[in-house]
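Accompanying notes for the structure given below.
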Amino acid sequence: MKHFALIVRTLFAWGITLLIVFPLIWLVLTSFKTEQQAISVPPQLFFTPTLESFREVNLRSDYLLHAKNSVVTSFVSTLLGLAIAAPAAYSMAFFRTRRTRDILMWMLSTKMMPAVGALVPVYVLAQTSGLLDSLTALIIVFTLSNLPIMVWMLYSGFKDIPPDILEAARMDGAGVWGEFVHVIRPLAMGTLASTGLLCLVLSWNEAFWSLNLSSAKAGTLAALIASYSSPEGLFWAKLSAASLMAIAPIVVVGWFSQKQLVQGLTFGAVK
Amino acid sequence: MNLNRFLPRALMVPAVVTLFLWMIVPLLMTLYFSVVRYNLMQPGEKEFIGLANFTYFVTDPDFGPSVLNTLLLLGSVIAITVVFGVGLALLVNEPFPGRGIVRVLLISPFFVMPTANALLWKHMMMNPVYGVLAQVAMFFGATPVDWLTDHPLFSVILMVAWQWLPFACLIFITSLQSLDRDQMEAAGMDGANALQKFWFLTLPHLGRPIAVVVMIELIFLLSVFAEIFTTTGGGPGNESTNLAFLIFKQALMNFDVGVASAGALFAVVLANIAAVFLIRMIGKNLD
């Protein structure tokens, strides 16, 4: 009986999982097909794979430009965010005052503003300052919208560092700076890395702001993929190849940052 | 001045100042724009017109349907992700061969960027001739459905739910790991069946994560945009236009900043209702 239950569970779990990820499997298969094979009726499951679509997508100069834009915006906004968030989180974790809790809650509340609520003013600001369709505008917006999550994740990470270690350092006469460099920094590298990783994923996939604030010059991969909507969407193999190259790295990064994702997106409300 | 007292406060300044500006500047601008006549195509004085923008936005024939679509989208996606998320999490919570791989595969759709997700569904899945769904329908002798034309809102719901189901599932899996195993075993010894154990032990334990998932999805899904922008364009007609898309249309297609701002305030109020509860819940957990 127990054996039977296990078999049923295994079949169910695998069956449903394959059903859910089927669109992704199909995307991967299609990207290795020719355009004729991609729209053949009935669909082909077995075929000779070709790298033709990847080659063609890469030959398009705008693909490389958009890929570069994605890399620049996500990495710069992540680093900038860490540079602003880490000192604040550090200060709140190790020098608690009566107001620390209020400040943390207030920072969270800024994340509760729906993006569409800020669309009009941000668009007008970008337009009047000449930053429309510029990497700078995207970097600023990505950094700001991720900042509350970053402060929060870093704060919970820093708080897990045992205060005894700090006490000991203070006894030995280390100042704020010495404490940071010699005690906190080595212990906090893990937290910094996982926070950075999560923000990288969020910025890379960001579509609301990149679609509204950028076009030909500063468009990210998310915006480029949107341009396949039509009429180029008819070229399914190329669409698949372009999509696969855009999502594969981030899906892999995502697999490794699952735990941080739960913690970061729920602000520690689920343990 | 004592450096060790001053420095910690100085460290907070950049984050506090930037976030404060990020919050207050758009809000004040939106409030201001919402009471003036302001069209990007008609430069000139921004004349005060009271609540005319609000009246215009609310009496727009697209307003009612877009609010309804927004609520339908929110409600359906939340219902689907919570119900199936709990089911899936329970399914993969017990050990079976390949559980690790299944969990990794399950979470994948959440990391697919929304535009790629939308086009993958629009073309390869939902195309009425060559799409996989049409092929499956024909295999069983049924007539293929033109999903995006005949059921535009449902199609968008499907895409968004596909993206957020893994998120809900992941949170429930995380939460199930802290479920008290001894208590479960004790209940089993006392003769509780699987359903009773689920109803009296598992479900109460999941109450909090469910509430968190509902509120987070509420805030994020209020701004669903890319999926609509890349597939239906809000149509046919206004059948798949939500509040976010309507505001986008007013601001960046009609260039009417005033009316769009009035609409944006609606979205903010809607989100804040959810945010108040969420923040209170997180706050309790903080100390």
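Chain labels run A, B, ... following the order of the structure tokens; each chain numbers its residues from 1, and ligands are numbered from 1 in the order shown.
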Report as number ranges by chain all protein, DNA and RNA residues lying within 6 Å of region 162-166 of chain B, evaluated on only C-alpha atoms, omitting residues in the same chain fewer than 2 positions from it. B: 81, 85, 107, 109-110, 159-160, 168-170
Output file for the selection above: C-alpha atoms, as an mmCIF file, in the first residue's frame:
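The new file result_23.cif reads:
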data_model
loop_
_atom_site.group_PDB
_atom_site.id
_atom_site.type_symbol
_atom_site.label_atom_id
_atom_site.label_comp_id
_atom_site.auth_asym_id
_atom_site.auth_seq_id
_atom_site.Cartn_x
_atom_site.Cartn_y
_atom_site.Cartn_z
ATOM 1 C CA THR B 81 -1.978 30.235 -7.873
ATOM 2 C CA GLY B 85 0.167 26.204 -5.384
ATOM 3 C CA ILE B 107 10.097 27.184 -10.200
ATOM 4 C CA PRO B 109 8.544 29.812 -15.254
ATOM 5 C CA PHE B 110 8.881 32.499 -12.587
ATOM 6 C CA MET B 159 -0.016 33.555 -18.986
ATOM 7 C CA VAL B 160 0.176 35.493 -15.739
ATOM 8 C CA ALA B 168 3.186 30.758 -4.744
ATOM 9 C CA CYS B 169 4.270 27.133 -4.808
ATOM 10 C CA LEU B 170 7.816 27.980 -3.738
#
Residue neighbourhood region 204-220 of chain B, 9 Å, only C-alpha atoms, exclusion window fewer than 3 positions, as a PyMOL selection string: (chain A and resi 112-115+265-266+269-271) or (chain B and resi 74-75+77-79+81-82+86+164+167-168+171-172+175-176+178-179+198-201+223-224+270-272+274-275+277-278+281-282)
CA of Leu158 (chain B) and CA of Leu18 (chain A) are how many Å apart? 16.7 Å
Write out as number ranges by chain each polymer residue whose atoms come within 12 Å of Phe12 (chain A), counting only C-alpha atoms; drop sequence neighbours fewer than 6 positions from it. A: 5-6, 18-19; B: 87-88, 90-92, 96-97, 99, 102
As a VMD selection string, please: every residue in region 73-172 of chain A that a backbone DSSP assignment puts in helix (DSSP H, G or I). chain A and resid 73 to 94 100 to 111 115 to 128 135 to 159 163 to 171
Close residues, Pro144 (chain B) itself excluded, 9 Å, only C-alpha atoms, min 6 positions apart in chain, as a ChimeraX atom specification: /B:128-129,133-138
Could you write out that same residue set with C-alpha atoms as a PDB file, in the first residue's frame?
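Below is the file that was written, part09.pdb:
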ATOM      1  CA  PRO B 128      -5.033  28.986 -33.859  1.00  0.00           C
ATOM      2  CA  VAL B 129      -3.357  27.016 -36.676  1.00  0.00           C
ATOM      3  CA  LEU B 133      -3.054  23.874 -28.206  1.00  0.00           C
ATOM      4  CA  ALA B 134      -4.644  23.943 -31.665  1.00  0.00           C
ATOM      5  CA  GLN B 135      -2.710  20.813 -32.646  1.00  0.00           C
ATOM      6  CA  VAL B 136      -3.849  19.007 -29.520  1.00  0.00           C
ATOM      7  CA  ALA B 137      -7.451  20.058 -30.174  1.00  0.00           C
ATOM      8  CA  MET B 138      -7.263  18.775 -33.755  1.00  0.00           C
TER       9      MET B 138
END
May I have the residues within 9 Å of Leu246 (chain B) as a ChimeraX atom specification, using only C-alpha atoms and disregarding those fewer than 6 positions away in the same chain? /B:62-63,66,234,260,263
Phe54 (chain B): which residues within 8 Å, counting only C-alpha atoms, same-chain residues fewer than 2 positions away excluded, as a ChimeraX atom specification? /B:34,51-52,56-58,259,262-263
May I have the residues within 12 Å of Leu211 (chain A) as a ChimeraX atom specification, using only C-alpha atoms and disregarding those fewer than 5 positions away in the same chain? /A:119,123,132-133,138,205-206,216,218-227 /B:114-115,225-230,248,252
Selection from above, C-alpha atoms, as a PDB file, in the first residue's frame, can you write it?
ATOM      1  CA  LEU A 119       4.383  55.857 -14.664  1.00  0.00           C
ATOM      2  CA  TYR A 123       7.800  59.483 -17.886  1.00  0.00           C
ATOM      3  CA  LEU A 132      13.935  59.193 -22.297  1.00  0.00           C
ATOM      4  CA  ASP A 133      15.354  56.088 -24.012  1.00  0.00           C
ATOM      5  CA  LEU A 138      16.506  52.707 -16.631  1.00  0.00           C
ATOM      6  CA  ASN A 205      13.379  40.561 -16.267  1.00  0.00           C
ATOM      7  CA  GLU A 206      11.923  44.016 -15.663  1.00  0.00           C
ATOM      8  CA  ALA A 216      15.586  51.663 -30.051  1.00  0.00           C
ATOM      9  CA  ALA A 218      18.315  51.870 -24.602  1.00  0.00           C
ATOM     10  CA  GLY A 219      15.916  48.953 -25.041  1.00  0.00           C
ATOM     11  CA  THR A 220      16.729  45.869 -22.987  1.00  0.00           C
ATOM     12  CA  LEU A 221      16.239  42.273 -24.071  1.00  0.00           C
ATOM     13  CA  ALA A 222      12.766  42.311 -22.503  1.00  0.00           C
ATOM     14  CA  ALA A 223      11.860  45.135 -24.885  1.00  0.00           C
ATOM     15  CA  LEU A 224      13.536  43.472 -27.863  1.00  0.00           C
ATOM     16  CA  ILE A 225      11.573  40.254 -27.352  1.00  0.00           C
ATOM     17  CA  ALA A 226       8.380  42.342 -27.275  1.00  0.00           C
ATOM     18  CA  SER A 227       9.225  43.600 -30.763  1.00  0.00           C
TER      19      SER A 227
ATOM     20  CA  PRO B 114       7.145  38.649 -18.982  1.00  0.00           C
ATOM     21  CA  THR B 115       7.560  39.585 -22.652  1.00  0.00           C
ATOM     22  CA  PHE B 225       1.247  45.336 -18.472  1.00  0.00           C
ATOM     23  CA  ALA B 226       3.847  43.543 -20.591  1.00  0.00           C
ATOM     24  CA  GLU B 227       1.645  40.497 -21.154  1.00  0.00           C
ATOM     25  CA  ILE B 228      -1.190  42.676 -22.478  1.00  0.00           C
ATOM     26  CA  PHE B 229       1.075  45.043 -24.404  1.00  0.00           C
ATOM     27  CA  THR B 230       2.789  42.227 -26.330  1.00  0.00           C
ATOM     28  CA  PHE B 248      -0.721  53.747 -20.287  1.00  0.00           C
ATOM     29  CA  LEU B 252       1.514  57.592 -23.816  1.00  0.00           C
TER      30      LEU B 252
END
Given only C-alpha atoms as the basis, pick out the residue of A:Ser240, A:Thr50, A:Asn69, A:Gln37 nearest to chain B. A:Ser240
